[in-house]
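Have a look at target31.txt; it's compact mmCIF, C-alpha atoms and all ligand atoms:
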```txt
# COMPACT_ATOMS: atom_id res chain seq x y z
CA MET R 245 11.29 14.60 -16.72
CA ASN R 246 12.38 16.68 -19.77
CA ALA R 247 9.80 18.68 -21.71
CA PRO R 248 9.45 17.29 -25.29
CA LYS R 249 11.16 19.72 -27.69
CA LYS R 250 8.26 19.90 -30.16
CA LEU R 251 5.65 20.71 -27.52
CA ASN R 252 5.00 24.43 -27.37
CA ILE R 253 2.49 24.45 -24.53
CA PRO R 254 3.59 24.94 -20.93
CA ILE R 255 3.82 21.90 -18.65
CA ARG R 256 3.38 22.24 -14.89
CA LYS R 257 6.71 22.69 -13.12
CA SER R 258 5.77 20.00 -10.60
CA VAL R 259 5.34 17.49 -13.45
CA LEU R 260 8.70 18.33 -15.00
CA ALA R 261 10.36 17.98 -11.58
CA LEU R 262 8.97 14.49 -10.89
CA ALA R 263 11.36 11.60 -10.40
CA PRO R 264 10.34 8.54 -12.46
CA TYR R 265 8.50 5.78 -10.57
CA ASN R 266 9.51 2.17 -11.26
CA ALA R 267 6.07 0.68 -11.79
CA PRO R 268 5.77 -3.08 -12.33
CA ARG R 269 7.31 -4.03 -15.63
CA GLU R 270 5.37 -5.50 -18.53
CA GLY R 271 5.59 -9.19 -19.38
CA ARG R 272 5.31 -10.47 -15.79
CA ALA R 273 2.24 -12.65 -16.30
CA ARG R 274 3.94 -16.03 -16.86
CA LYS R 275 6.67 -15.56 -14.27
CA LEU R 276 6.69 -16.29 -10.55
CA ARG R 277 5.93 -12.74 -9.43
CA LEU R 278 7.37 -12.13 -5.98
CA ASP R 279 8.20 -8.49 -6.75
CA PHE R 280 5.00 -6.49 -6.16
CA ASN R 281 3.34 -8.19 -3.17
CA GLU R 282 0.38 -9.43 -5.18
CA ASN R 283 -1.73 -12.46 -4.37
CA THR R 284 -0.08 -15.34 -6.31
CA VAL R 285 -3.09 -17.70 -6.62
CA GLY R 286 -5.72 -15.30 -7.94
CA CYS R 287 -9.00 -14.11 -6.48
CA SER R 288 -11.78 -16.27 -5.04
CA PRO R 289 -13.67 -18.36 -7.68
CA LYS R 290 -16.84 -16.82 -6.21
CA VAL R 291 -15.60 -13.41 -7.38
CA LEU R 292 -15.20 -14.75 -10.92
CA ARG R 293 -18.71 -16.21 -10.81
CA ALA R 294 -20.16 -12.90 -9.62
CA LEU R 295 -18.32 -11.08 -12.42
CA SER R 296 -19.66 -13.49 -15.03
CA ARG R 297 -23.22 -12.64 -13.93
CA ILE R 298 -22.84 -8.93 -14.77
CA THR R 299 -25.45 -8.10 -17.40
CA ALA R 300 -25.20 -6.01 -20.55
CA ALA R 301 -27.64 -3.55 -18.98
CA GLN R 302 -25.40 -3.15 -15.92
CA MET R 303 -22.47 -2.39 -18.23
CA ALA R 304 -24.42 0.36 -19.95
CA ILE R 305 -25.16 2.50 -16.91
CA TYR R 306 -22.77 4.59 -14.86
CA PRO R 307 -21.89 2.87 -11.59
CA GLU R 308 -23.98 3.45 -8.48
CA TYR R 309 -22.22 3.29 -5.13
CA GLN R 310 -24.84 3.37 -2.41
CA GLU R 311 -25.64 -0.36 -2.13
CA THR R 312 -22.03 -1.56 -2.31
CA THR R 313 -20.96 1.10 0.17
CA ARG R 314 -23.69 -0.03 2.56
CA ARG R 315 -22.65 -3.71 2.29
CA LEU R 316 -18.92 -3.05 2.55
CA ALA R 317 -19.48 -0.66 5.46
CA ARG R 318 -21.27 -3.43 7.31
CA PHE R 319 -18.31 -5.75 6.62
CA PHE R 320 -15.81 -3.17 7.92
CA ARG R 321 -18.10 -2.26 10.85
CA VAL R 322 -18.33 1.43 10.02
CA ARG R 323 -21.20 3.65 8.94
CA PRO R 324 -21.52 4.27 5.16
CA ALA R 325 -20.77 7.97 5.77
CA GLN R 326 -17.42 6.96 7.30
CA MET R 327 -16.32 5.21 4.12
CA HIS R 328 -15.42 6.27 0.58
CA LEU R 329 -14.70 3.85 -2.29
CA THR R 330 -11.58 4.59 -4.33
CA ASN R 331 -9.86 3.27 -7.43
CA GLY R 332 -7.27 1.53 -5.27
CA ILE R 333 -5.26 3.26 -2.55
CA ASP R 334 -3.34 5.09 -5.30
CA ASP R 335 -6.55 6.96 -6.12
CA ALA R 336 -7.09 7.75 -2.42
CA LEU R 337 -3.62 9.33 -2.31
CA HIS R 338 -4.43 11.38 -5.40
CA LEU R 339 -7.69 12.53 -3.82
CA ILE R 340 -5.93 13.50 -0.57
CA ALA R 341 -3.49 15.66 -2.54
CA ASP R 342 -6.30 17.19 -4.62
CA THR R 343 -8.30 18.06 -1.51
CA PHE R 344 -5.67 19.22 0.95
CA LEU R 345 -2.42 20.22 -0.77
CA GLU R 346 -1.58 23.61 -2.22
CA SER R 347 1.65 24.17 -4.10
CA GLY R 348 4.38 24.90 -1.55
CA ASP R 349 2.70 23.08 1.37
CA SER R 350 4.78 20.53 3.19
CA VAL R 351 4.02 16.85 3.81
CA LEU R 352 5.80 14.41 6.08
CA ILE R 353 6.89 10.84 5.31
CA ALA R 354 9.57 8.45 6.59
CA GLU R 355 11.55 6.63 3.92
CA PRO R 356 11.91 4.05 2.64
CA THR R 357 8.17 3.79 2.17
CA PHE R 358 5.54 3.41 -0.54
CA ASP R 359 6.71 5.65 -3.42
CA MET R 360 3.27 7.01 -4.25
CA TYR R 361 3.11 9.25 -1.13
CA ARG R 362 6.00 11.31 -2.45
CA PHE R 363 4.77 11.05 -6.04
CA PHE R 364 1.30 12.53 -5.48
CA ALA R 365 2.55 15.15 -3.03
CA GLU R 366 5.22 16.32 -5.47
CA LEU R 367 2.74 16.25 -8.34
CA ALA R 368 0.62 18.70 -6.31
CA GLY R 369 3.70 20.92 -5.91
CA ALA R 370 4.12 20.14 -2.20
CA ARG R 371 7.51 19.93 -0.47
CA VAL R 372 8.31 16.55 1.03
CA THR R 373 10.02 16.35 4.42
CA ALA R 374 11.45 12.84 4.55
CA LEU R 375 12.63 11.27 7.81
CA ARG R 376 14.36 7.86 7.72
CA TYR R 377 13.43 4.50 9.18
CA ASP R 378 16.24 3.52 11.59
CA ASP R 379 18.67 0.60 11.19
CA GLU R 380 16.15 -1.79 12.74
CA MET R 381 13.54 -0.46 10.24
CA ARG R 382 11.52 1.25 12.97
CA PHE R 383 9.43 4.34 12.21
CA PRO R 384 11.10 7.49 13.65
CA VAL R 385 8.29 8.40 16.06
CA ASP R 386 10.02 11.08 18.14
CA ALA R 387 11.36 12.96 15.13
CA ALA R 388 7.91 12.88 13.51
CA ILE R 389 6.26 14.23 16.67
CA GLN R 390 8.72 17.11 16.84
CA ILE R 391 7.80 18.13 13.30
CA LEU R 392 4.06 17.73 13.96
CA ARG R 393 4.36 20.17 16.88
CA ARG R 394 5.64 22.99 14.66
CA PRO R 395 3.50 26.15 14.57
CA SER R 396 0.50 25.83 12.32
CA GLU R 397 1.94 27.89 9.38
CA ILE R 398 4.80 25.43 8.97
CA ALA R 399 3.23 22.21 10.28
CA PRO R 400 2.98 19.49 7.61
CA ARG R 401 -0.43 19.32 5.93
CA VAL R 402 -0.35 15.54 5.62
CA LEU R 403 1.59 12.74 7.32
CA TYR R 404 1.64 9.42 5.44
CA ILE R 405 2.38 6.17 7.33
CA ALA R 406 2.08 2.64 5.98
CA THR R 407 1.74 -0.04 8.65
CA PRO R 408 2.95 -2.65 7.86
CA ASN R 409 5.32 -0.47 5.87
CA ASN R 410 6.37 -1.23 2.32
CA PRO R 411 9.25 -2.13 1.74
CA THR R 412 10.42 -2.67 5.34
CA GLY R 413 7.49 -4.91 6.37
CA THR R 414 7.68 -3.46 9.87
CA VAL R 415 4.58 -2.50 11.86
CA VAL R 416 4.28 0.82 13.70
CA PRO R 417 3.15 -0.07 17.26
CA GLN R 418 -0.29 1.27 18.20
CA LYS R 419 1.10 3.14 21.21
CA ASP R 420 3.33 5.11 18.80
CA LEU R 421 0.43 5.79 16.45
CA ARG R 422 -1.57 7.14 19.41
CA ARG R 423 1.28 9.52 20.34
CA ILE R 424 1.51 10.65 16.71
CA LEU R 425 -2.23 11.28 16.41
CA ASN R 426 -2.28 13.17 19.70
CA ALA R 427 0.51 15.42 18.40
CA ALA R 428 -1.07 15.94 14.96
CA ALA R 429 -3.38 18.80 15.85
CA ARG R 430 -3.01 20.53 12.47
CA THR R 431 -1.99 17.65 10.23
CA LEU R 432 -4.07 15.10 8.36
CA VAL R 433 -2.72 11.61 9.15
CA LEU R 434 -3.13 8.85 6.59
CA ILE R 435 -2.61 5.36 7.96
CA ASP R 436 -2.22 3.01 5.01
CA GLU R 437 -3.29 -0.49 6.04
CA ALA R 438 -2.81 -2.12 2.61
CA TYR R 439 -1.29 -5.18 4.31
CA PHE R 440 -3.67 -5.33 7.28
CA ASP R 441 -4.87 -8.87 6.47
CA PHE R 442 -1.37 -10.21 7.14
CA SER R 443 -0.65 -8.22 10.32
CA GLY R 444 -4.11 -8.33 11.89
CA GLU R 445 -3.39 -4.92 13.48
CA THR R 446 -5.71 -2.04 12.71
CA ILE R 447 -6.63 1.35 14.08
CA LEU R 448 -9.75 1.62 11.92
CA PRO R 449 -12.07 2.13 14.97
CA TRP R 450 -10.01 5.21 15.89
CA ILE R 451 -11.62 7.22 13.07
CA ARG R 452 -14.38 7.92 15.60
CA ARG R 453 -11.91 9.49 18.01
CA TYR R 454 -9.48 11.40 15.78
CA PRO R 455 -11.13 13.83 13.35
CA ASN R 456 -8.00 14.20 11.19
CA LEU R 457 -7.31 10.48 10.79
CA LEU R 458 -7.84 8.65 7.49
CA VAL R 459 -7.33 4.88 7.16
CA ALA R 460 -6.86 3.24 3.75
CA ARG R 461 -7.44 -0.39 2.77
CA THR R 462 -7.19 -2.18 -0.56
CA PHE R 463 -8.56 -5.26 -2.32
CA SER R 464 -5.29 -5.54 -4.31
CA LYS R 465 -3.39 -7.72 -1.87
CA SER R 466 -5.01 -10.62 0.00
CA SER R 467 -8.21 -10.46 -2.09
CA GLY R 468 -6.26 -10.76 -5.33
CA LEU R 469 -8.09 -7.94 -7.14
CA ALA R 470 -5.12 -5.72 -8.08
CA ALA R 471 -6.29 -5.67 -11.72
CA LEU R 472 -9.71 -4.24 -10.87
CA ARG R 473 -8.42 -1.32 -8.76
CA ILE R 474 -10.59 -0.94 -5.70
CA GLY R 475 -9.88 0.29 -2.19
CA CYS R 476 -11.61 2.08 0.67
CA LEU R 477 -10.83 5.23 2.57
CA PHE R 478 -12.23 5.56 6.08
CA GLY R 479 -12.54 8.71 8.14
CA ASN R 480 -15.02 10.92 9.91
CA PRO R 481 -18.06 11.90 7.79
CA GLU R 482 -17.18 15.62 7.62
CA ILE R 483 -13.74 15.08 6.17
CA LEU R 484 -15.01 12.50 3.66
CA ALA R 485 -17.83 14.83 2.57
CA VAL R 486 -15.24 17.49 1.71
CA MET R 487 -13.15 14.95 -0.18
CA ARG R 488 -16.16 13.72 -2.19
CA GLY R 489 -16.49 17.29 -3.42
CA ALA R 490 -13.01 17.06 -4.99
CA CYS R 491 -13.52 13.57 -6.43
CA THR R 492 -14.34 12.42 -9.96
CA PRO R 493 -17.98 11.23 -10.17
CA TYR R 494 -17.19 7.57 -11.03
CA PRO R 495 -13.80 6.62 -9.62
CA VAL R 496 -14.68 2.90 -9.25
CA ASN R 497 -16.12 0.77 -12.06
CA THR R 498 -19.04 -1.66 -11.75
CA ALA R 499 -16.92 -4.81 -12.14
CA ALA R 500 -14.77 -3.71 -9.20
CA LEU R 501 -17.88 -3.10 -7.07
CA VAL R 502 -19.27 -6.55 -7.87
CA ALA R 503 -15.89 -8.18 -7.20
CA ALA R 504 -15.36 -6.42 -3.87
CA GLU R 505 -18.78 -7.47 -2.61
CA ALA R 506 -18.17 -11.08 -3.62
CA ALA R 507 -14.69 -10.99 -2.06
CA VAL R 508 -15.92 -9.91 1.38
CA ALA R 509 -18.71 -12.48 1.21
CA ASP R 510 -16.20 -15.32 0.75
CA LYS R 511 -14.64 -15.24 4.20
CA ARG R 512 -13.35 -18.80 3.91
CA PHE R 513 -11.21 -17.96 0.85
CA ALA R 514 -9.74 -14.88 2.51
CA ARG R 515 -8.94 -16.77 5.71
CA SER R 516 -7.34 -19.71 3.95
CA TYR R 517 -5.19 -17.55 1.62
CA THR R 518 -3.98 -15.37 4.49
CA ARG R 519 -3.10 -18.46 6.58
CA GLU R 520 -1.18 -19.93 3.66
CA VAL R 521 0.79 -16.69 3.19
CA LEU R 522 1.70 -16.53 6.87
CA LYS R 523 3.06 -20.09 6.76
CA SER R 524 4.88 -19.26 3.54
CA ARG R 525 6.36 -16.10 5.09
CA ALA R 526 7.74 -18.11 8.02
CA LEU R 527 9.33 -20.54 5.55
CA LEU R 528 10.76 -17.65 3.55
CA GLU R 529 12.22 -15.96 6.65
CA LYS R 530 13.90 -19.18 7.75
CA GLY R 531 15.26 -19.86 4.26
CA LEU R 532 16.64 -16.34 3.82
CA GLN R 533 18.42 -16.53 7.17
CA GLN R 534 19.94 -19.86 6.17
CA PHE R 535 21.47 -18.06 3.17
CA GLY R 536 23.04 -15.57 5.59
CA ALA R 537 20.74 -12.63 4.79
CA ARG R 538 19.67 -10.23 7.51
CA ILE R 539 15.89 -10.01 7.60
CA TYR R 540 13.51 -7.61 9.33
CA PRO R 541 10.34 -8.52 11.23
CA SER R 542 7.47 -8.44 8.74
CA GLY R 543 3.75 -8.01 9.34
CA ALA R 544 3.05 -8.11 5.59
CA ASN R 545 3.06 -10.62 2.71
CA PHE R 546 6.71 -9.92 1.95
CA VAL R 547 10.08 -9.89 3.64
CA LEU R 548 12.87 -7.32 3.36
CA ALA R 549 16.28 -8.99 3.25
CA ASP R 550 19.78 -7.55 3.26
CA PHE R 551 22.01 -9.64 0.99
CA GLY R 552 24.78 -7.05 0.83
CA PRO R 553 26.95 -7.25 -2.31
CA ARG R 554 25.21 -10.48 -3.44
CA ALA R 555 21.81 -8.79 -3.91
CA HIS R 556 22.10 -7.57 -7.49
CA ARG R 557 23.45 -10.84 -8.90
CA LEU R 558 20.81 -12.76 -6.98
CA ALA R 559 17.94 -10.69 -8.39
CA LYS R 560 19.28 -10.88 -11.95
CA SER R 561 19.95 -14.64 -11.80
CA LEU R 562 16.47 -15.31 -10.39
CA GLU R 563 14.98 -13.21 -13.16
CA ARG R 564 16.71 -15.40 -15.75
CA LYS R 565 15.03 -18.37 -14.08
CA GLY R 566 11.61 -16.69 -14.36
CA ILE R 567 11.38 -15.58 -10.71
CA LEU R 568 10.92 -11.87 -10.01
CA ILE R 569 11.96 -10.22 -6.74
CA ARG R 570 12.41 -6.49 -6.13
CA GLU R 571 15.77 -4.88 -5.57
CA ARG R 572 15.34 -1.70 -3.53
CA LYS R 573 17.66 1.16 -4.35
CA ASP R 574 16.19 3.63 -1.83
CA PHE R 575 18.39 2.57 1.09
CA PRO R 576 21.59 4.34 2.12
CA ARG R 577 23.49 1.47 0.49
CA GLU R 578 22.78 -1.32 -1.99
CA GLY R 579 22.03 -4.87 -0.96
CA PHE R 580 18.33 -4.85 -0.04
CA VAL R 581 15.74 -7.00 -1.75
CA ARG R 582 12.03 -7.28 -1.03
CA ILE R 583 10.51 -10.68 -1.66
CA SER R 584 6.78 -11.39 -1.60
CA ALA R 585 5.39 -14.46 0.15
CA GLY R 586 2.84 -16.27 -1.99
CA THR R 587 2.04 -19.91 -1.28
CA ARG R 588 4.48 -22.31 0.38
CA ALA R 589 4.98 -23.94 -3.05
CA ASP R 590 6.06 -20.52 -4.43
CA THR R 591 8.50 -20.04 -1.56
CA ARG R 592 9.95 -23.54 -1.94
CA LYS R 593 10.48 -22.91 -5.67
CA LEU R 594 12.23 -19.63 -4.87
CA LEU R 595 14.47 -21.15 -2.19
CA ARG R 596 15.45 -24.03 -4.50
CA ALA R 597 16.43 -21.54 -7.21
CA MET R 598 18.37 -19.44 -4.68
CA LYS R 599 20.29 -22.49 -3.55
CA GLY R 600 21.50 -23.00 -7.11
CA ILE R 601 22.65 -19.37 -7.34
CA LEU R 602 24.14 -18.75 -3.91
C1 LIG T 701 1.68 0.48 1.31
C2 LIG T 701 0.92 0.38 0.03
N1 LIG T 701 -0.17 1.13 -0.14
C3 LIG T 701 -0.87 1.06 -1.27
C4 LIG T 701 -0.51 0.24 -2.31
C5 LIG T 701 -1.30 0.25 -3.59
O1 LIG T 701 -2.59 -0.17 -3.36
P1 LIG T 701 -3.66 -0.16 -4.55
O2 LIG T 701 -3.36 -1.32 -5.43
O3 LIG T 701 -4.94 -0.28 -3.81
O4 LIG T 701 -3.53 1.15 -5.26
C6 LIG T 701 0.61 -0.57 -2.18
C7 LIG T 701 1.01 -1.45 -3.31
O5 LIG T 701 2.04 -2.02 -3.40
C8 LIG T 701 1.35 -0.48 -0.99
O6 LIG T 701 2.48 -1.21 -0.83
```

Output the file's structure as structure tokens, nothing else.
Ligand SMILES: Cc1ncc(COP(=O)(O)O)c(C=O)c1O
Amino acid sequence: MNAPKKLNIPIRKSVLALAPYNAPREGRARKLRLDFNENTVGCSPKVLRALSRITAAQMAIYPEYQETTRRLARFFRVRPAQMHLTNGIDDALHLIADTFLESGDSVLIAEPTFDMYRFFAELAGARVTALRYDDEMRFPVDAAIQILRRPSEIAPRVLYIATPNNPTGTVVPQKDLRRILNAAARTLVLIDEAYFDFSGETILPWIRRYPNLLVARTFSKSSGLAALRIGCLFGNPEILAVMRGACTPYPVNTAALVAAEAAVADKRFARSYTREVLKSRALLEKGLQQFGARIYPSGANFVLADFGPRAHRLAKSLERKGILIRERKDFPREGFVRISAGTRADTRKLLRAMKGIL
């Protein structure tokens, strides 16, 4: 980022050094949005009803977190002290950086992965050591363990892992996560389970065993609450108490609290949407293979596909037809697209449009 010429106040070096992040574009609302792994049908009607019951008096007071934390903790089967509400996982990443990273510290990631790990670490002035997912899109476990075993002065402060990973969709096996956590004596390990509802694999109960483990979840994906910005960070009570000390007083608004409570109460909606997405993902995988794309095993609500030289034209032509998919440029070569699985009707519409193009 270049400093504006007319500004005569200093800007932090870490801000000027940031690479731009390609956030979702504007004007997506009326299109078939298969580019940012959102829920494509919207949240549960019970969430909308709960939101409509918010009173003027509730709006006028600063949010209170105790009751919602207690109810959500019961849903997630943790103690309230093992849970912290955040303004989406993005906010949790910001809070991790604010609490644990000094300028010059190092953090460890494996790319391609969710861009915000690098973004918040670099914003804090940390150095990012980036390993690579292999050709099968597997997390590089052995290389990560070697780095975690470095002497404490040069060990990474934080290791970020998304499982299922975005954009690869691949899941890091639990036996590998156990090896990583056993090797991470001096490193905080964030396991980002944003797509847990679609993989069904979690290590959330491990927060009782590993004092430097944090697990993140979000209501942005299967619950369809991306607009309200709410997520949860889980960890042992001591670490969360320290983090609360570095946190803004009201990171989550009252509407988001009400919506999250209503979302967890409507188990039927969550189950039926997740089932629909899994059927839709199977349809999508089959369709993509029929077009000759290489796909990777996905535990999430999206599929990574390698279309080689056809990828760019495909994405652009779909966009002209009102269907958004995401081209990923962070691979050693071009050709990769990430496509979200919404309902089966969404996937059928996409595959029909692809047939016309390819
Ligand atoms: C792995 C991963 N973590 C976190 C997020 C963002 O979650 P939130 O909307 O809760 O900030 C995303 C969104 O795409 C993601 O892919």

**OP:** Please measure the separation of atom CA of R:Ala514 and atom CA of R:Lys465, giving the value in Å to one decimal.
**Re:** 10.5 Å

**OP:** Would you mind reading off the distance between atom CA of R:Val385 and atom CA of R:Leu339, one decimal, in Å?
**Re:** 25.8 Å

Original post:
For ligand LIG 701 (chain T), which of R:Arg362, R:Lys290, R:Lys249, R:Arg473 is the closest residue, counting only C-alpha atoms and all ligand atoms?
Top reply: R:Arg473

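Among the candidates R:Leu329, R:Ala589, R:Met381, R:Ala485, the one nearest to ligand LIG 701 (chain T) when counting all atoms listed in the file is R:Leu329.
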
Subject >> Nearby residues (only C-alpha atoms) at most 10 Å from R:Pro553, same-chain spacing under 6 positions excluded, as a VMD selection string >> reply: chain R and resid 577 to 580

So that I have them on file, write out the residues from the current selection with C-alpha atoms, as a short mmCIF file (atom, residue, chain, number, x, y, z; two decimals), in the frame of the given file.
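Saved file result.cif follows:
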```
data_model
loop_
_atom_site.label_atom_id
_atom_site.label_comp_id
_atom_site.auth_asym_id
_atom_site.auth_seq_id
_atom_site.Cartn_x
_atom_site.Cartn_y
_atom_site.Cartn_z
CA ARG R 577 23.49 1.47 0.49
CA GLU R 578 22.78 -1.32 -1.99
CA GLY R 579 22.03 -4.87 -0.96
CA PHE R 580 18.33 -4.85 -0.04
#
```

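Across R:Pro248, R:Leu501, R:Glu355, R:Val402, the tightest approach to R:Arg314 is made by R:Leu501 when counting only C-alpha atoms.
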
Subject >> Using only C-alpha atoms: which of R:Ala504, R:Ala399, R:Val322, R:Leu527 has the shortest distance to R:Leu448 >> reply: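 Among the listed residues, R:Val322 lies closest to R:Leu448.
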
**OP:** Compile the contact shell of stretch 417-426 of chain R as a VMD selection string: residues with an atom at most 12 Å away, counting only C-alpha atoms, same-chain residues fewer than 6 positions apart removed.
**Re:** chain R and resid 382 to 393 402 to 409 432 to 435 443 445 to 448 450 to 451 453 to 458 543

For chain R versus ligand LIG 701 (chain T), which residues have an atom no more than 9 Å away, and what is each residue's nearest atom pair and distance in Å rounded to one decimal, using all atoms listed in the file, chain-then-number order, as a tab-separated table?
```
residue	atom	partner	partner_atom	distance
R:Phe280	CA	T:LIG701	O5	6.0
R:Asn281	CA	T:LIG701	O5	6.3
R:Glu282	CA	T:LIG701	O5	7.8
R:Thr330	CA	T:LIG701	O3	8.3
R:Asn331	CA	T:LIG701	O4	7.0
R:Gly332	CA	T:LIG701	O3	3.3
R:Ile333	CA	T:LIG701	O3	3.8
R:Asp334	CA	T:LIG701	O4	3.9
R:Asp335	CA	T:LIG701	O4	6.6
R:Ala336	CA	T:LIG701	O4	8.0
R:Leu337	CA	T:LIG701	O4	8.7
R:Thr357	CA	T:LIG701	C1	7.3
R:Phe358	CA	T:LIG701	C1	5.2
R:Asp359	CA	T:LIG701	O6	8.5
R:Met360	CA	T:LIG701	C3	7.8
R:Tyr361	CA	T:LIG701	N1	8.8
R:Ile405	CA	T:LIG701	C1	8.3
R:Ala406	CA	T:LIG701	C1	5.2
R:Thr407	CA	T:LIG701	C1	7.4
R:Pro408	CA	T:LIG701	C1	7.4
R:Asn409	CA	T:LIG701	C1	5.9
R:Asn410	CA	T:LIG701	O6	5.0
R:Pro411	CA	T:LIG701	O6	7.3
R:Asp436	CA	T:LIG701	N1	5.9
R:Glu437	CA	T:LIG701	C1	6.9
R:Ala438	CA	T:LIG701	N1	5.0
R:Tyr439	CA	T:LIG701	C1	7.1
R:Ala460	CA	T:LIG701	N1	8.0
R:Arg461	CA	T:LIG701	O3	7.0
R:Thr462	CA	T:LIG701	O3	4.4
R:Phe463	CA	T:LIG701	O3	6.3
R:Ser464	CA	T:LIG701	O2	4.8
R:Lys465	CA	T:LIG701	O2	7.3
R:Leu469	CA	T:LIG701	O2	8.3
R:Ala470	CA	T:LIG701	O2	5.4
R:Ala471	CA	T:LIG701	O2	8.2
R:Leu472	CA	T:LIG701	O2	8.9
R:Arg473	CA	T:LIG701	O2	6.1
R:Ile474	CA	T:LIG701	O3	6.0
R:Gly475	CA	T:LIG701	O3	5.2
R:Cys476	CA	T:LIG701	O3	8.4
```

Original post:
Which one is closest to R:Ser347: R:Arg274, R:Arg318, R:Arg297, R:Arg256? Count only C-alpha atoms.
Top reply: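 Answer, going by the shortest atom-to-atom distance: R:Arg256.
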
Original post:
If you measure from atom CA of R:Glu505 to atom CA of R:Arg315, what distance in Å do you get, rounded to one decimal?
Top reply: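 Straight-line distance from atom CA of R:Glu505 to atom CA of R:Arg315 works out to 7.3 Å.
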
Original post:
Got a sec: who's within 7 Å of R:Pro356, counting all atoms listed in the file, leaving out chain neighbours fewer than 5 positions off, as number ranges by chain?
Top reply: R: 376-377, 411, 574-575
